[in-house]
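Content type PDB, C-alpha atoms, from the file final_3.pdb:
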```pdb
MODEL        1
ATOM      1  CA  GLY D  14     -11.937   0.075  23.131
ATOM      2  CA  ASN D  15     -12.984   1.189  19.682
ATOM      3  CA  SER D  16     -12.636  -1.264  16.834
ATOM      4  CA  VAL D  17     -13.690  -1.894  13.246
ATOM      5  CA  THR D  18     -14.341  -5.234  11.605
ATOM      6  CA  GLN D  19     -14.822  -5.680   7.892
ATOM      7  CA  MET D  20     -15.235  -8.641   5.604
ATOM      8  CA  GLU D  21     -12.091 -10.374   4.492
ATOM      9  CA  GLY D  22     -11.168 -10.303   0.861
ATOM     10  CA  PRO D  23     -10.256 -10.604  -1.797
ATOM     11  CA  VAL D  24     -13.576  -9.977  -3.472
ATOM     12  CA  THR D  25     -13.789 -10.628  -7.211
ATOM     13  CA  LEU D  26     -16.759  -9.382  -9.212
ATOM     14  CA  SER D  27     -17.691  -9.079 -12.841
ATOM     15  CA  GLU D  28     -18.229  -5.620 -14.287
ATOM     16  CA  GLU D  29     -21.725  -4.232 -13.571
ATOM     17  CA  ALA D  30     -22.250  -6.566 -10.605
ATOM     18  CA  PHE D  31     -23.626  -5.336  -7.276
ATOM     19  CA  LEU D  32     -21.094  -4.725  -4.531
ATOM     20  CA  THR D  33     -21.486  -5.012  -0.774
ATOM     21  CA  ILE D  34     -18.582  -4.820   1.652
ATOM     22  CA  ASN D  35     -19.671  -5.364   5.241
ATOM     23  CA  CYS D  36     -18.361  -3.248   8.082
ATOM     24  CA  THR D  37     -19.289  -3.336  11.758
ATOM     25  CA  TYR D  38     -17.882  -1.307  14.595
ATOM     26  CA  THR D  39     -17.558  -1.116  18.357
ATOM     27  CA  ALA D  40     -17.330   2.304  19.951
ATOM     28  CA  THR D  41     -18.304   4.313  22.966
ATOM     29  CA  GLY D  42     -20.102   7.552  22.334
ATOM     30  CA  TYR D  43     -21.120   8.732  18.887
ATOM     31  CA  PRO D  44     -18.388   8.162  16.342
ATOM     32  CA  SER D  45     -18.158   9.274  12.756
ATOM     33  CA  LEU D  46     -17.754   6.544  10.167
ATOM     34  CA  PHE D  47     -15.720   6.606   6.985
ATOM     35  CA  TRP D  48     -14.881   4.561   3.941
ATOM     36  CA  TYR D  49     -11.456   5.083   2.416
ATOM     37  CA  VAL D  50     -10.223   3.683  -0.894
ATOM     38  CA  GLN D  51      -6.644   2.871  -1.857
ATOM     39  CA  TYR D  52      -5.874   2.442  -5.553
ATOM     40  CA  PRO D  53      -2.738   0.519  -6.513
ATOM     41  CA  GLY D  54       0.404   2.478  -5.731
ATOM     42  CA  GLU D  55      -1.418   5.321  -4.036
ATOM     43  CA  GLY D  56      -2.331   6.545  -0.573
ATOM     44  CA  LEU D  57      -5.741   6.236   1.028
ATOM     45  CA  GLN D  58      -8.449   8.618  -0.158
ATOM     46  CA  LEU D  59     -11.612   9.474   1.694
ATOM     47  CA  LEU D  60     -14.500   7.963  -0.273
ATOM     48  CA  LEU D  61     -17.466   8.897   1.892
ATOM     49  CA  LYS D  62     -18.421   9.610   5.464
ATOM     50  CA  ALA D  63     -21.379   9.782   7.856
ATOM     51  CA  THR D  64     -21.305  11.663  11.115
ATOM     52  CA  LYS D  65     -24.501  10.552  12.858
ATOM     53  CA  ALA D  66     -26.988   7.720  12.996
ATOM     54  CA  ASP D  67     -29.131   7.193   9.867
ATOM     55  CA  ASP D  68     -26.902   9.462   7.787
ATOM     56  CA  LYS D  69     -26.134   8.162   4.321
ATOM     57  CA  GLY D  70     -22.747   8.966   2.831
ATOM     58  CA  SER D  71     -22.408   8.783  -0.937
ATOM     59  CA  ASN D  72     -19.787   9.449  -3.586
ATOM     60  CA  LYS D  73     -18.957   8.132  -7.075
ATOM     61  CA  GLY D  74     -21.953   5.755  -6.987
ATOM     62  CA  PHE D  75     -20.935   4.268  -3.627
ATOM     63  CA  GLU D  76     -23.239   4.517  -0.631
ATOM     64  CA  ALA D  77     -23.145   3.579   3.040
ATOM     65  CA  THR D  78     -25.709   4.164   5.788
ATOM     66  CA  TYR D  79     -24.783   4.653   9.438
ATOM     67  CA  ARG D  80     -26.866   2.085  11.327
ATOM     68  CA  LYS D  81     -26.545   2.560  15.058
ATOM     69  CA  GLU D  82     -28.931  -0.273  15.954
ATOM     70  CA  THR D  83     -26.770  -2.821  14.133
ATOM     71  CA  THR D  84     -23.468  -0.894  14.563
ATOM     72  CA  SER D  85     -22.849  -1.239  10.864
ATOM     73  CA  PHE D  86     -21.708   0.880   7.922
ATOM     74  CA  HIS D  87     -21.837  -1.410   4.889
ATOM     75  CA  LEU D  88     -20.493  -0.113   1.581
ATOM     76  CA  GLU D  89     -22.620  -0.672  -1.534
ATOM     77  CA  LYS D  90     -22.482   0.102  -5.227
ATOM     78  CA  GLY D  91     -25.093  -0.895  -7.744
ATOM     79  CA  SER D  92     -22.835  -1.509 -10.728
ATOM     80  CA  VAL D  93     -19.068  -1.803 -10.322
ATOM     81  CA  GLN D  94     -16.528  -0.926 -12.980
ATOM     82  CA  VAL D  95     -13.019  -2.197 -13.612
ATOM     83  CA  SER D  96     -11.759   1.168 -12.368
ATOM     84  CA  ASP D  97     -13.255   0.409  -8.925
ATOM     85  CA  SER D  98     -10.601  -2.261  -8.352
ATOM     86  CA  ALA D  99      -8.868  -1.159  -5.161
ATOM     87  CA  VAL D 100      -8.610  -1.828  -1.443
ATOM     88  CA  TYR D 101     -11.442  -0.426   0.679
ATOM     89  CA  PHE D 102     -11.015   0.495   4.334
ATOM     90  CA  CYS D 103     -13.807   1.095   6.805
ATOM     91  CA  ALA D 104     -12.832   3.521   9.576
ATOM     92  CA  LEU D 105     -14.184   5.066  12.760
ATOM     93  CA  GLY D 106     -13.390   8.482  14.224
ATOM     94  CA  THR D 107     -14.170  10.113  17.538
ATOM     95  CA  SER D 108     -13.395  13.477  19.065
ATOM     96  CA  TYR D 109     -11.041  12.002  21.626
ATOM     97  CA  ASP D 110      -9.004   9.389  19.800
ATOM     98  CA  LYS D 111      -7.313   8.684  16.521
ATOM     99  CA  VAL D 112      -9.176   7.230  13.566
ATOM    100  CA  ILE D 113      -9.354   3.440  13.727
ATOM    101  CA  PHE D 114      -9.051   1.582  10.416
ATOM    102  CA  GLY D 115     -10.332  -1.841   9.542
ATOM    103  CA  PRO D 116      -8.019  -4.385   7.874
ATOM    104  CA  GLY D 117      -9.126  -3.484   4.358
ATOM    105  CA  THR D 118     -10.988  -5.465   1.698
ATOM    106  CA  SER D 119      -9.392  -5.969  -1.700
ATOM    107  CA  LEU D 120     -11.797  -5.711  -4.641
ATOM    108  CA  SER D 121     -11.006  -6.903  -8.153
ATOM    109  CA  VAL D 122     -13.471  -6.198 -10.944
ATOM    110  CA  ILE D 123     -13.028  -8.224 -14.103
ATOM    111  CA  PRO D 124     -14.394  -7.217 -17.525
TER     112      PRO D 124
ATOM    113  CA  ASP S  18      -2.814  15.926  -5.186
ATOM    114  CA  SER S  19      -4.100  15.499  -1.633
ATOM    115  CA  GLY S  20      -2.050  18.375  -0.233
ATOM    116  CA  VAL S  21       0.018  16.070   1.979
ATOM    117  CA  THR S  22       3.554  15.711   0.618
ATOM    118  CA  GLN S  23       5.817  12.805   1.428
ATOM    119  CA  THR S  24       9.425  12.411   0.369
ATOM    120  CA  PRO S  25      11.107  10.394  -0.871
ATOM    121  CA  LYS S  26       8.649   8.195  -2.792
ATOM    122  CA  HIS S  27      11.016   5.260  -2.855
ATOM    123  CA  LEU S  28      13.954   4.329  -0.670
ATOM    124  CA  ILE S  29      16.233   1.318  -0.896
ATOM    125  CA  THR S  30      18.742   0.803   1.851
ATOM    126  CA  ALA S  31      20.756  -1.915   3.552
ATOM    127  CA  THR S  32      20.130  -3.617   6.864
ATOM    128  CA  GLY S  33      21.536  -1.756   9.845
ATOM    129  CA  GLN S  34      21.213   1.638   8.183
ATOM    130  CA  ARG S  35      19.198   4.672   9.253
ATOM    131  CA  VAL S  36      16.742   6.637   7.106
ATOM    132  CA  THR S  37      14.546   9.687   7.503
ATOM    133  CA  LEU S  38      11.117  10.035   5.936
ATOM    134  CA  ARG S  39       9.592  13.453   5.583
ATOM    135  CA  CYS S  40       6.007  14.656   5.577
ATOM    136  CA  SER S  41       4.488  18.080   4.985
ATOM    137  CA  PRO S  42       0.857  18.243   6.101
ATOM    138  CA  ARG S  43      -1.969  19.883   4.218
ATOM    139  CA  SER S  44      -2.009  23.639   4.674
ATOM    140  CA  GLY S  45      -3.751  24.534   7.939
ATOM    141  CA  ASP S  46      -3.632  21.040   9.411
ATOM    142  CA  LEU S  47      -1.928  20.807  12.789
ATOM    143  CA  SER S  48      -1.990  17.042  13.267
ATOM    144  CA  VAL S  49       0.315  14.553  11.607
ATOM    145  CA  TYR S  50      -0.106  10.790  11.854
ATOM    146  CA  TRP S  51       2.327   8.123  10.711
ATOM    147  CA  TYR S  52       1.216   4.681   9.549
ATOM    148  CA  GLN S  53       3.072   1.604   8.380
ATOM    149  CA  GLN S  54       1.425  -0.601   5.780
ATOM    150  CA  SER S  55       2.706  -4.082   5.070
ATOM    151  CA  LEU S  56       1.086  -7.064   3.378
ATOM    152  CA  ASP S  57       0.903  -9.181   6.511
ATOM    153  CA  GLN S  58       0.139  -6.471   9.098
ATOM    154  CA  GLY S  59      -2.206  -4.166   7.267
ATOM    155  CA  LEU S  60      -2.329  -0.487   8.226
ATOM    156  CA  GLN S  61      -0.574   0.009  11.572
ATOM    157  CA  PHE S  62      -0.719   3.307  13.463
ATOM    158  CA  LEU S  63       2.724   4.432  14.602
ATOM    159  CA  ILE S  64       2.509   7.902  16.136
ATOM    160  CA  HIS S  65       0.529  11.149  16.227
ATOM    161  CA  TYR S  66       1.834  14.700  16.614
ATOM    162  CA  TYR S  67      -0.257  17.780  17.139
ATOM    163  CA  ASN S  68       1.270  21.235  16.765
ATOM    164  CA  GLY S  69       4.726  19.966  17.646
ATOM    165  CA  GLU S  70       3.794  17.732  20.553
ATOM    166  CA  GLU S  71       3.469  13.974  20.645
ATOM    167  CA  ARG S  72      -0.160  13.018  21.291
ATOM    168  CA  ALA S  73      -0.343   9.259  20.916
ATOM    169  CA  LYS S  74       1.859   6.285  20.237
ATOM    170  CA  GLY S  75       0.845   3.087  18.589
ATOM    171  CA  ASN S  76       2.854   0.068  17.561
ATOM    172  CA  ILE S  77       6.082   1.989  17.065
ATOM    173  CA  LEU S  78       9.358   0.194  17.629
ATOM    174  CA  GLU S  79      12.020   1.714  19.878
ATOM    175  CA  ARG S  80      14.289   1.893  16.802
ATOM    176  CA  PHE S  81      11.807   4.333  15.272
ATOM    177  CA  SER S  82      11.289   7.918  16.340
ATOM    178  CA  ALA S  83       9.495  10.952  15.006
ATOM    179  CA  GLN S  84       9.175  14.658  15.527
ATOM    180  CA  GLN S  85       7.125  17.576  14.281
ATOM    181  CA  PHE S  86       8.861  20.853  13.652
ATOM    182  CA  PRO S  87       7.623  24.442  14.192
ATOM    183  CA  ASP S  88       6.658  24.701  10.513
ATOM    184  CA  LEU S  89       4.512  21.583  11.150
ATOM    185  CA  HIS S  90       6.370  19.239   8.852
ATOM    186  CA  SER S  91       7.233  15.914  10.412
ATOM    187  CA  GLU S  92      10.041  13.417  10.089
ATOM    188  CA  LEU S  93      10.019   9.720  10.865
ATOM    189  CA  ASN S  94      13.442   8.295  11.670
ATOM    190  CA  LEU S  95      14.024   4.577  11.266
ATOM    191  CA  SER S  96      17.305   3.150  12.528
ATOM    192  CA  SER S  97      19.069  -0.204  12.706
ATOM    193  CA  LEU S  98      16.886  -1.255   9.819
ATOM    194  CA  GLU S  99      15.855  -4.870   9.419
ATOM    195  CA  LEU S 100      14.409  -6.727   6.437
ATOM    196  CA  GLY S 101      11.052  -6.762   8.185
ATOM    197  CA  ASP S 102      10.906  -2.970   8.170
ATOM    198  CA  SER S 103      10.305  -3.026   4.438
ATOM    199  CA  ALA S 104       6.866  -1.493   3.983
ATOM    200  CA  LEU S 105       4.907   1.500   2.803
ATOM    201  CA  TYR S 106       5.001   4.377   5.279
ATOM    202  CA  PHE S 107       2.127   6.814   5.102
ATOM    203  CA  CYS S 108       1.697  10.197   6.624
ATOM    204  CA  ALA S 109      -1.766  11.671   7.152
ATOM    205  CA  SER S 110      -2.874  15.045   8.427
ATOM    206  CA  SER S 111      -5.998  16.525   9.932
ATOM    207  CA  ALA S 112      -7.114  19.834  11.289
ATOM    208  CA  ALA S 113      -8.338  18.233  14.504
ATOM    209  CA  GLY S 114      -6.173  17.943  17.554
ATOM    210  CA  GLY S 115      -7.311  14.671  18.943
ATOM    211  CA  GLY S 116      -9.388  12.716  16.531
ATOM    212  CA  GLY S 117     -11.177  12.457  13.263
ATOM    213  CA  LEU S 118     -14.729  13.124  14.311
ATOM    214  CA  ASP S 119     -15.781  15.256  11.383
ATOM    215  CA  TYR S 120     -13.183  15.154   8.679
ATOM    216  CA  GLY S 121     -11.112  12.033   8.960
ATOM    217  CA  TYR S 122      -7.607  12.225   7.592
ATOM    218  CA  THR S 123      -5.907  13.302   4.394
ATOM    219  CA  PHE S 124      -3.195  10.885   3.350
ATOM    220  CA  GLY S 125       0.003  11.392   1.438
ATOM    221  CA  SER S 126       1.026   9.006  -1.323
ATOM    222  CA  GLY S 127       3.530   7.234   0.905
ATOM    223  CA  THR S 128       7.198   6.268   0.970
ATOM    224  CA  ARG S 129       8.033   2.745  -0.119
ATOM    225  CA  LEU S 130      10.968   1.522   1.950
ATOM    226  CA  THR S 131      12.880  -1.537   0.823
ATOM    227  CA  VAL S 132      15.545  -2.914   3.139
ATOM    228  CA  VAL S 133      17.985  -5.289   1.443
TER     229      VAL S 133
ENDMDL
END
```
Would it be possible to restate this file's structure as C-alpha coordinates?
Amino acid sequence: GNSVTQMEGPVTLSEEAFLTINCTYTATGYPSLFWYVQYPGEGLQLLLKATKADDKGSNKGFEATYRKETTSFHLEKGSVQVSDSAVYFCALGTSYDKVIFGPGTSLSVIP
Amino acid sequence: DSGVTQTPKHLITATGQRVTLRCSPRSGDLSVYWYQQSLDQGLQFLIHYYNGEERAKGNILERFSAQQFPDLHSELNLSSLELGDSALYFCASSAAGGGGLDYGYTFGSGTRLTVV
(Lines of atoms letter the chains of each structure in order from A and count residues from 1; the text may use other names and numbers.)
(Lines give C-alpha, C1' and ligand atoms only; values in the text may rest on other atoms or scores of the structure.)
Protein backbone atom coordinates (compact mmCIF):
# COMPACT_ATOMS: atom_id res chain seq x y z
CA GLY A 1 0.00 0.00 0.00
CA ASN A 2 0.87 3.67 -0.14
CA SER A 3 2.99 5.10 2.64
CA VAL A 4 5.06 8.13 3.60
CA THR A 5 8.16 8.19 5.75
CA GLN A 6 9.74 11.36 7.05
CA MET A 7 12.59 12.14 9.39
CA GLU A 8 11.82 12.09 13.07
CA GLY A 9 12.05 15.28 15.02
CA PRO A 10 12.29 17.44 16.83
CA VAL A 11 14.63 19.52 14.72
CA THR A 12 16.16 22.59 16.34
CA LEU A 13 17.92 25.20 14.23
CA SER A 14 19.30 28.66 14.73
CA GLU A 15 17.74 31.53 12.80
CA GLU A 16 19.08 31.82 9.22
CA ALA A 17 20.24 28.19 9.16
CA PHE A 18 19.54 25.89 6.22
CA LEU A 19 16.66 23.47 6.63
CA THR A 20 16.17 20.02 5.14
CA ILE A 21 13.39 17.66 6.18
CA ASN A 22 13.60 14.32 4.41
CA CYS A 23 10.55 12.59 3.01
CA THR A 24 10.32 9.35 1.05
CA TYR A 25 7.26 7.57 -0.22
CA THR A 26 5.95 4.27 -1.50
CA ALA A 27 3.10 4.32 -3.98
CA THR A 28 1.68 2.60 -7.00
CA GLY A 29 0.94 4.75 -9.99
CA TYR A 30 1.74 8.45 -10.15
CA PRO A 31 0.86 10.22 -6.93
CA SER A 32 0.87 13.89 -6.11
CA LEU A 33 3.06 14.97 -3.22
CA PHE A 34 2.41 17.65 -0.65
CA TRP A 35 3.96 19.39 2.30
CA TYR A 36 1.60 20.67 4.97
CA VAL A 37 2.51 22.90 7.91
CA GLN A 38 0.79 23.07 11.29
CA TYR A 39 1.48 26.11 13.46
CA PRO A 40 0.81 25.83 17.19
CA GLY A 41 -2.89 25.70 17.95
CA GLU A 42 -3.95 25.61 14.32
CA GLY A 43 -5.00 23.13 11.66
CA LEU A 44 -2.82 21.88 8.84
CA GLN A 45 -2.21 24.24 5.92
CA LEU A 46 -1.03 23.25 2.49
CA LEU A 47 2.50 24.62 2.08
CA LEU A 48 3.40 23.37 -1.38
CA LYS A 49 2.68 20.58 -3.81
CA ALA A 50 4.03 18.79 -6.89
CA THR A 51 1.90 16.69 -9.17
CA LYS A 52 4.43 14.95 -11.41
CA ALA A 53 8.03 13.81 -11.51
CA ASP A 54 10.68 16.57 -11.56
CA ASP A 55 8.13 19.22 -10.58
CA LYS A 56 9.34 21.68 -7.97
CA GLY A 57 6.81 23.05 -5.51
CA SER A 58 7.66 26.30 -3.77
CA ASN A 59 6.05 28.72 -1.33
CA LYS A 60 7.24 31.18 1.34
CA GLY A 61 10.90 30.34 0.61
CA PHE A 62 10.32 26.59 0.99
CA GLU A 63 11.01 24.24 -1.90
CA ALA A 64 10.63 20.53 -2.62
CA THR A 65 11.34 18.57 -5.80
CA TYR A 66 9.43 15.44 -6.79
CA ARG A 67 12.12 12.82 -7.42
CA LYS A 68 10.63 9.66 -8.85
CA GLU A 69 13.96 7.84 -9.17
CA THR A 70 14.61 8.15 -5.43
CA THR A 71 10.90 8.30 -4.41
CA SER A 72 11.64 11.40 -2.40
CA PHE A 73 10.18 14.85 -1.78
CA HIS A 74 12.57 16.57 0.63
CA LEU A 75 11.61 19.97 2.02
CA GLU A 76 14.26 22.71 2.00
CA LYS A 77 14.59 26.33 2.99
CA GLY A 78 17.73 28.39 2.68
CA SER A 79 17.31 30.58 5.75
CA VAL A 80 14.77 29.74 8.44
CA GLN A 81 13.08 32.26 10.69
CA VAL A 82 11.63 31.94 14.17
CA SER A 83 8.19 32.19 12.58
CA ASP A 84 8.87 28.92 10.71
CA SER A 85 8.64 26.99 13.98
CA ALA A 86 5.88 24.46 13.36
CA VAL A 87 5.20 20.82 12.58
CA TYR A 88 5.71 19.80 8.94
CA PHE A 89 3.86 16.90 7.34
CA CYS A 90 4.79 15.21 4.09
CA ALA A 91 1.78 13.71 2.30
CA LEU A 92 0.89 11.67 -0.77
CA GLY A 93 -2.32 11.79 -2.80
CA THR A 94 -3.70 9.61 -5.56
CA SER A 95 -6.88 9.65 -7.60
CA TYR A 96 -8.20 6.50 -5.99
CA ASP A 97 -7.42 6.79 -2.30
CA LYS A 98 -7.29 9.26 0.53
CA VAL A 99 -4.27 11.43 1.18
CA ILE A 100 -1.66 9.64 3.27
CA PHE A 101 0.21 11.76 5.83
CA GLY A 102 3.62 11.16 7.31
CA PRO A 103 4.12 11.31 11.09
CA GLY A 104 5.19 14.95 11.07
CA THR A 105 8.49 16.63 11.92
CA SER A 106 8.57 19.30 14.61
CA LEU A 107 10.83 22.27 13.84
CA SER A 108 11.97 24.81 16.42
CA VAL A 109 13.94 27.84 15.28
CA ILE A 110 15.78 29.73 17.98
CA PRO A 111 16.94 33.36 17.67
CA ASP B 1 -9.75 31.42 7.37
CA SER B 2 -9.47 28.17 5.40
CA GLY B 3 -13.18 28.00 4.60
CA VAL B 4 -13.65 24.82 6.64
CA THR B 5 -15.54 25.55 9.86
CA GLN B 6 -15.39 23.34 12.91
CA THR B 7 -17.39 23.78 16.09
CA PRO B 8 -16.91 23.84 18.96
CA LYS B 9 -13.23 24.82 19.25
CA HIS B 10 -12.91 23.37 22.72
CA LEU B 11 -14.91 20.74 24.55
CA ILE B 12 -14.44 19.40 28.06
CA THR B 13 -16.55 16.49 29.13
CA ALA B 14 -16.59 13.59 31.57
CA THR B 15 -15.86 9.94 30.92
CA GLY B 16 -18.84 7.96 29.70
CA GLN B 17 -20.45 10.97 28.04
CA ARG B 18 -21.34 11.53 24.39
CA VAL B 19 -20.38 14.54 22.26
CA THR B 20 -20.98 15.73 18.72
CA LEU B 21 -18.41 17.60 16.66
CA ARG B 22 -19.53 19.56 13.66
CA CYS B 23 -17.82 20.42 10.40
CA SER B 24 -18.89 22.60 7.48
CA PRO B 25 -16.74 22.01 4.40
CA ARG B 26 -15.37 24.67 2.11
CA SER B 27 -17.96 25.92 -0.35
CA GLY B 28 -18.17 23.55 -3.33
CA ASP B 29 -16.30 20.69 -1.68
CA LEU B 30 -18.20 17.41 -1.59
CA SER B 31 -15.77 15.34 0.46
CA VAL B 32 -15.30 15.52 4.21
CA TYR B 33 -12.56 13.68 6.08
CA TRP B 34 -12.19 13.31 9.83
CA TYR B 35 -8.82 12.94 11.55
CA GLN B 36 -7.77 12.46 15.15
CA GLN B 37 -4.49 13.97 16.27
CA SER B 38 -2.88 12.96 19.54
CA LEU B 39 0.67 13.31 20.81
CA ASP B 40 1.41 9.60 20.80
CA GLN B 41 -0.52 8.55 17.67
CA GLY B 42 0.05 11.41 15.30
CA LEU B 43 -2.56 12.18 12.64
CA GLN B 44 -4.97 9.25 12.35
CA PHE B 45 -7.55 9.02 9.56
CA LEU B 46 -11.00 8.18 10.90
CA ILE B 47 -13.56 8.35 8.09
CA HIS B 48 -14.36 9.87 4.70
CA TYR B 49 -17.74 10.97 3.34
CA TYR B 50 -18.46 12.04 -0.19
CA ASN B 51 -21.74 13.75 -1.05
CA GLY B 52 -23.54 12.09 1.84
CA GLU B 53 -22.13 8.59 1.45
CA GLU B 54 -19.42 6.89 3.45
CA ARG B 55 -16.41 6.23 1.22
CA ALA B 56 -13.68 4.94 3.49
CA LYS B 57 -13.07 4.03 7.09
CA GLY B 58 -9.80 4.19 8.91
CA ASN B 59 -8.94 3.60 12.53
CA ILE B 60 -12.35 4.59 13.84
CA LEU B 61 -13.59 2.99 17.03
CA GLU B 62 -17.04 1.40 17.17
CA ARG B 63 -17.97 4.02 19.80
CA PHE B 64 -17.47 6.69 17.14
CA SER B 65 -19.77 7.36 14.22
CA ALA B 66 -20.19 10.05 11.62
CA GLN B 67 -22.57 11.24 8.96
CA GLN B 68 -22.77 13.82 6.22
CA PHE B 69 -26.01 15.66 5.70
CA PRO B 70 -27.67 16.87 2.47
CA ASP B 71 -26.23 20.36 2.99
CA LEU B 72 -22.81 18.62 3.11
CA HIS B 73 -21.96 19.47 6.68
CA SER B 74 -20.75 16.54 8.72
CA GLU B 75 -20.97 15.47 12.33
CA LEU B 76 -18.68 13.16 14.26
CA ASN B 77 -20.34 11.50 17.24
CA LEU B 78 -18.16 10.17 20.04
CA SER B 79 -19.83 8.11 22.76
CA SER B 80 -18.88 6.32 25.96
CA LEU B 81 -15.91 8.64 26.11
CA GLU B 82 -12.68 7.50 27.71
CA LEU B 83 -9.67 9.49 28.91
CA GLY B 84 -7.74 8.22 25.91
CA ASP B 85 -10.16 9.91 23.52
CA SER B 86 -8.75 13.28 24.51
CA ALA B 87 -7.25 14.68 21.32
CA LEU B 88 -7.57 17.23 18.57
CA TYR B 89 -10.18 16.27 15.99
CA PHE B 90 -9.75 17.77 12.55
CA CYS B 91 -12.09 17.93 9.65
CA ALA B 92 -10.79 18.43 6.11
CA SER B 93 -12.58 18.87 2.83
CA SER B 94 -11.76 18.47 -0.83
CA ALA B 95 -13.54 18.81 -4.12
CA ALA B 96 -12.43 15.35 -5.20
CA GLY B 97 -14.53 12.29 -4.62
CA GLY B 98 -11.90 9.72 -3.97
CA GLY B 99 -8.53 11.21 -3.37
CA GLY B 100 -6.27 14.18 -3.28
CA LEU B 101 -4.50 13.87 -6.58
CA ASP B 102 -4.44 17.52 -7.53
CA TYR B 103 -5.50 19.65 -4.63
CA GLY B 104 -4.94 17.84 -1.39
CA TYR B 105 -7.17 18.82 1.48
CA THR B 106 -8.27 21.99 3.22
CA PHE B 107 -8.29 21.61 6.98
CA GLY B 108 -10.38 23.25 9.64
CA SER B 109 -8.81 24.57 12.82
CA GLY B 110 -9.95 21.57 14.84
CA THR B 111 -11.89 20.75 17.99
CA ARG B 112 -9.85 20.10 21.11
CA LEU B 113 -11.61 17.44 23.16
CA THR B 114 -10.63 16.93 26.77
CA VAL B 115 -12.16 14.00 28.63
CA VAL B 116 -11.86 14.25 32.42
Convert the output of the PyMOL selection byres ((chain S and resi 22-35) around 7) on the shown file into explicit residues, formatted as a VMD selection string. chain S and resid 20 to 21 36 38 to 42 95 to 100 125 to 133
Run the PyMOL selection byres ((chain D and resi 68-72) around 12) on the file and write out the hits as a PyMOL selection string. chain D and resi 45-50+58-67+73-81+85-90
Each residue of chain D with at least one atom at most 7 Å from chain S should appear once, together with its nearest atom pair and the corresponding distance in Å (one decimal); atoms considered: all atoms listed in the file; ordering: chain, then increasing residue number; output as CSV.
```
residue,atom,partner,partner_atom,distance
D:Pro44,CA,S:Leu118,CA,6.5
D:Ser45,CA,S:Leu118,CA,5.4
D:Glu55,CA,S:Ser126,CA,5.2
D:Gly56,CA,S:Ser126,CA,4.2
D:Leu57,CA,S:Phe124,CA,5.8
D:Gln58,CA,S:Phe124,CA,6.7
D:Thr64,CA,S:Asp119,CA,6.6
D:Gly106,CA,S:Gly117,CA,4.6
D:Thr107,CA,S:Leu118,CA,4.4
D:Ser108,CA,S:Gly116,CA,4.8
D:Tyr109,CA,S:Gly115,CA,5.3
D:Asp110,CA,S:Gly116,CA,4.7
D:Lys111,CA,S:Gly116,CA,4.5
D:Val112,CA,S:Gly117,CA,5.6
D:Pro116,CA,S:Gly59,CA,5.8
```
Can you measure atom CA of Phe81 of chain S to atom CA of Asp102 of chain S for me? One decimal in Å is fine.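 Separating atom CA of Phe81 of chain S from atom CA of Asp102 of chain S is a distance of 10.2 Å.
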In terms of the shortest atom-to-atom distance over all atoms listed in the file, which of D:Gly14, D:Thr84, D:Leu105, D:Ile113 is closest to Tyr52 of chain S? D:Ile113
State, in Å with one decimal place, the distance from atom CA of Ser121 of chain D to atom CA of Val100 of chain D. 8.7 Å
Tell me which protein, DNA and RNA residues are within 10 Å of Val93 of chain D, counting only C-alpha atoms, leaving out same-chain ones fewer than 2 positions away, and put them as a ChimeraX atom specification. /D:26-32,74-75,89-91,95-98,121-123
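By all atoms listed in the file, and with residues fewer than 3 positions from Thr118 of chain D along its chain excluded, the set lying at most 8 Å from it is D:Gln19, D:Met20, D:Glu21, D:Gly22, D:Pro23, D:Val24, D:Ile34, D:Val100, D:Tyr101, D:Phe102.
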One decimal, in Å: what's the spacing between atom CA of Leu93 of chain S and atom CA of Leu78 of chain S? 11.7 Å
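Closest approach to Tyr66 of chain S from the set S:Asp88, S:Ser110, S:Thr37, S:Glu79 is made by S:Ser110, with distances taken over only C-alpha atoms.
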Take every atom of segment 80-94 of chain D listed in the file, pad by 4 Å on each side, and give me the axis-aligned box centre and edge lengths in Å, one decimal, as AutoDock Vina command-line options.
```
--center_x -22.7 --center_y -0.1 --center_z 1.5 --size_x 20.4 --size_y 13.4 --size_z 36.9
```
Determine the nearest neighbour of Ser103 of chain S from the options S:Leu47, S:Ile77, S:Leu56, S:Leu63, counting only C-alpha atoms.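 Closest residue, counting only C-alpha atoms: S:Leu56.
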Can you work out which one of D:Thr33, D:Thr83, D:Thr41, D:Gln51 has the shortest atom-to-atom distance to Ser16 of chain D, counting all atoms listed in the file? D:Thr41
Quick one: everything within 10 Å of Gly45 of chain S, counting only C-alpha atoms, minus sequence neighbours fewer than 4 positions away in the same chain. Send it as a list in words.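 Once the nearby chain positions are removed, what remains is Leu89, Ser110, Ser111 and Ala112 of chain S.
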Selection to disk with C-alpha atoms, as a PDB file, keeping the file's coordinate frame:
```
ATOM      1  CA  LEU S  89       4.512  21.583  11.150  1.00  0.00           C
ATOM      2  CA  SER S 110      -2.874  15.045   8.427  1.00  0.00           C
ATOM      3  CA  SER S 111      -5.998  16.525   9.932  1.00  0.00           C
ATOM      4  CA  ALA S 112      -7.114  19.834  11.289  1.00  0.00           C
TER       5      ALA S 112
END
```
